[in-house]
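Chemist: Submitted below is the structure of interest, expressed as C-alpha coordinates.
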Amino acid sequence: MTEYDLDVKVVRDEDGRIASGLVVGDILNQNQAMILSLGKGELKSNPSVGVGMMDYLLDHDMTGLQREIREQLEMDGQTVESVAVGSLGITINSKY
(Lines give C-alpha, C1' and ligand atoms only; values in the text may rest on other atoms or scores of the structure.)
Protein backbone atom coordinates (compact mmCIF):
# COMPACT_ATOMS: atom_id res chain seq x y z
CA MET A 1 0.00 0.00 0.00
CA THR A 2 1.37 3.43 -0.90
CA GLU A 3 1.10 6.48 1.30
CA TYR A 4 -1.96 7.91 -0.48
CA ASP A 5 -3.97 4.71 -1.05
CA LEU A 6 -7.39 4.49 0.50
CA ASP A 7 -7.27 2.24 3.58
CA VAL A 8 -10.63 0.57 4.18
CA LYS A 9 -11.10 -1.81 7.11
CA VAL A 10 -14.77 -2.57 7.55
CA VAL A 11 -15.93 -3.17 11.13
CA ARG A 12 -19.49 -4.37 11.61
CA ASP A 13 -21.63 -4.13 14.73
CA GLU A 14 -23.62 -7.01 16.22
CA ASP A 15 -26.47 -6.39 13.74
CA GLY A 16 -24.14 -6.62 10.74
CA ARG A 17 -24.22 -2.90 9.97
CA ILE A 18 -21.01 -1.11 9.14
CA ALA A 19 -19.83 0.73 12.27
CA SER A 20 -16.61 2.05 10.80
CA GLY A 21 -14.43 1.37 7.84
CA LEU A 22 -12.32 4.23 6.61
CA VAL A 23 -8.94 4.50 8.31
CA VAL A 24 -7.82 8.11 8.54
CA GLY A 25 -4.09 8.66 8.76
CA ASP A 26 -1.82 11.66 9.04
CA ILE A 27 -3.36 14.63 7.21
CA LEU A 28 -0.53 17.11 7.79
CA ASN A 29 0.86 17.05 4.24
CA GLN A 30 -2.60 17.18 2.68
CA ASN A 31 -3.61 20.20 4.77
CA GLN A 32 -0.34 21.99 4.01
CA ALA A 33 -0.77 21.45 0.27
CA MET A 34 -4.34 22.72 0.41
CA ILE A 35 -3.40 25.84 2.39
CA LEU A 36 -0.49 26.64 0.05
CA SER A 37 -2.56 26.21 -3.11
CA LEU A 38 -5.67 28.12 -2.01
CA GLY A 39 -5.96 31.83 -2.61
CA LYS A 40 -7.78 34.07 -0.16
CA GLY A 41 -11.52 33.79 -0.70
CA GLU A 42 -11.45 30.45 -2.52
CA LEU A 43 -12.62 28.47 0.51
CA LYS A 44 -16.16 29.75 0.98
CA SER A 45 -16.52 28.35 4.50
CA ASN A 46 -13.43 30.32 5.62
CA PRO A 47 -12.38 33.02 3.14
CA SER A 48 -9.34 34.08 5.16
CA VAL A 49 -7.61 30.70 4.58
CA GLY A 50 -5.01 30.43 1.85
CA VAL A 51 -1.48 31.56 1.12
CA GLY A 52 -2.18 32.67 -2.44
CA MET A 53 1.07 31.40 -3.95
CA MET A 54 0.32 33.11 -7.28
CA ASP A 55 0.57 36.50 -5.57
CA TYR A 56 4.23 35.79 -4.79
CA LEU A 57 5.18 34.22 -8.12
CA LEU A 58 7.40 37.05 -9.41
CA ASP A 59 8.62 38.38 -6.06
CA HIS A 60 12.35 38.43 -5.43
CA ASP A 61 11.99 38.80 -1.67
CA MET A 62 10.50 35.64 -0.20
CA THR A 63 10.19 36.88 3.41
CA GLY A 64 6.56 37.88 2.83
CA LEU A 65 5.74 34.43 1.48
CA GLN A 66 7.50 32.72 4.38
CA ARG A 67 5.60 34.87 6.87
CA GLU A 68 2.26 34.18 5.16
CA ILE A 69 2.90 30.40 5.10
CA ARG A 70 3.81 30.40 8.78
CA GLU A 71 0.73 32.45 9.75
CA GLN A 72 -1.65 30.29 7.71
CA LEU A 73 -0.28 27.02 9.09
CA GLU A 74 -0.47 28.35 12.64
CA MET A 75 -4.10 29.39 12.00
CA ASP A 76 -4.67 25.74 11.03
CA GLY A 77 -3.40 24.70 14.46
CA GLN A 78 0.07 23.57 13.41
CA THR A 79 3.18 24.27 15.46
CA VAL A 80 5.63 25.58 12.88
CA GLU A 81 9.33 25.03 13.56
CA SER A 82 10.61 26.45 10.27
CA VAL A 83 9.63 27.52 6.76
CA ALA A 84 12.23 27.82 4.01
CA VAL A 85 11.52 29.06 0.50
CA GLY A 86 14.22 28.50 -2.09
CA SER A 87 14.79 27.93 -5.78
CA LEU A 88 14.16 24.20 -5.33
CA GLY A 89 10.88 24.56 -3.47
CA ILE A 90 9.35 25.07 -0.07
CA THR A 91 10.43 23.15 3.02
CA ILE A 92 8.10 23.14 6.01
CA ASN A 93 8.86 21.63 9.40
CA SER A 94 5.65 21.57 11.46
CA LYS A 95 3.31 19.30 13.36
CA TYR A 96 -0.13 19.23 14.95
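Following the order of the C-alpha coordinates, first chain is A, next is B, and so on, with residues numbered from 1 inside each chain and ligands from 1 in the order they appear.
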How close does range 4-52 of chain A get to range 66-81 of chain A? List, as CSV, each residue of range 4-52 of chain A within 8 Å, its nearest atom pair and the distance in Å to one decimal, counting only C-alpha atoms.

Modeler:
```
residue,atom,partner,partner_atom,distance
A:Gln32,CA,A:Leu73,CA,7.1
A:Ile35,CA,A:Gln72,CA,7.2
A:Leu36,CA,A:Ile69,CA,7.2
A:Val49,CA,A:Gln72,CA,6.7
A:Gly50,CA,A:Gln72,CA,6.8
A:Val51,CA,A:Ile69,CA,6.0
```

Chemist: At a cut-off of 9 Å, using only C-alpha atoms, what residues contact Leu28 in chain A? Leave out same-chain residues fewer than 5 positions from it and give the result as a count of residues only.

Modeler: 5

Chemist: Residues of chain A in alpha helix (DSSP H) according to DSSP, as a ChimeraX atom specification?

Modeler: /A:28-37,63-75

Chemist: Output as a list in words all residues of chain A that backbone DSSP marks as strand (DSSP E).

Modeler: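 Matching residues for strand (DSSP E) in chain A are Val8, Lys9, Val10, Val11, Arg12, Ile18, Ala19, Ser20, Gly21, Leu22, Thr79, Val80, Glu81, Ser82, Val83, Ala84, Val85, Gly86, Gly89, Ile90, Thr91, Ile92, Asn93, Ser94 and Lys95 of chain A.
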
Chemist: For CA of Asn46 in chain A and CA of Asn31 in chain A, quote the distance in Å rounded to one decimal.

Modeler: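 Atom-to-atom, CA of Asn46 in chain A and CA of Asn31 in chain A are spaced 14.1 Å apart.
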
Chemist: May I ask for the distance between CA of Val8 in chain A and CA of Val23 in chain A, given in Å to one decimal place?

Modeler: 5.9 Å

Chemist: Pick the closest to Gly89 in chain A from A:Val11, A:Met53, A:Ser45, A:Gly64: which is it, counting only C-alpha atoms?

Modeler: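 Nearest to Gly89 in chain A: A:Met53.
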
Chemist: At a cut-off of 9 Å, using only C-alpha atoms, what residues contact Leu22 in chain A? Leave out same-chain residues fewer than 5 positions from it and give the result as a VMD selection string.

Modeler: chain A and resid 6 to 10

Chemist: Just N, CA, C and O atoms for this one: save the residues we selected as an mmCIF file, in the first residue's frame.

Modeler:
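To be explicit, this is the file written out as part.cif:
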```cif
data_model
loop_
_atom_site.group_PDB
_atom_site.id
_atom_site.type_symbol
_atom_site.label_atom_id
_atom_site.label_comp_id
_atom_site.auth_asym_id
_atom_site.auth_seq_id
_atom_site.Cartn_x
_atom_site.Cartn_y
_atom_site.Cartn_z
ATOM 1 N N LEU A 6 -6.264 4.528 -0.415
ATOM 2 C CA LEU A 6 -7.388 4.492 0.500
ATOM 3 C C LEU A 6 -7.288 3.228 1.349
ATOM 4 O O LEU A 6 -7.109 2.133 0.826
ATOM 5 N N ASP A 7 -7.388 3.370 2.660
ATOM 6 C CA ASP A 7 -7.271 2.242 3.581
ATOM 7 C C ASP A 7 -8.651 1.976 4.183
ATOM 8 O O ASP A 7 -9.126 2.729 5.022
ATOM 9 N N VAL A 8 -9.296 0.910 3.720
ATOM 10 C CA VAL A 8 -10.633 0.572 4.180
ATOM 11 C C VAL A 8 -10.565 -0.722 4.985
ATOM 12 O O VAL A 8 -10.102 -1.744 4.495
ATOM 13 N N LYS A 9 -11.009 -0.645 6.232
ATOM 14 C CA LYS A 9 -11.097 -1.810 7.110
ATOM 15 C C LYS A 9 -12.493 -1.793 7.730
ATOM 16 O O LYS A 9 -12.745 -1.087 8.701
ATOM 17 N N VAL A 10 -13.372 -2.569 7.133
ATOM 18 C CA VAL A 10 -14.772 -2.571 7.553
ATOM 19 C C VAL A 10 -14.920 -3.287 8.889
ATOM 20 O O VAL A 10 -14.447 -4.400 9.064
#
```

Chemist: Work out how far apart CA of His60 in chain A and CA of Leu38 in chain A are and give it in Å to one decimal.

Modeler: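 Straight-line distance from CA of His60 in chain A to CA of Leu38 in chain A works out to 21.0 Å.
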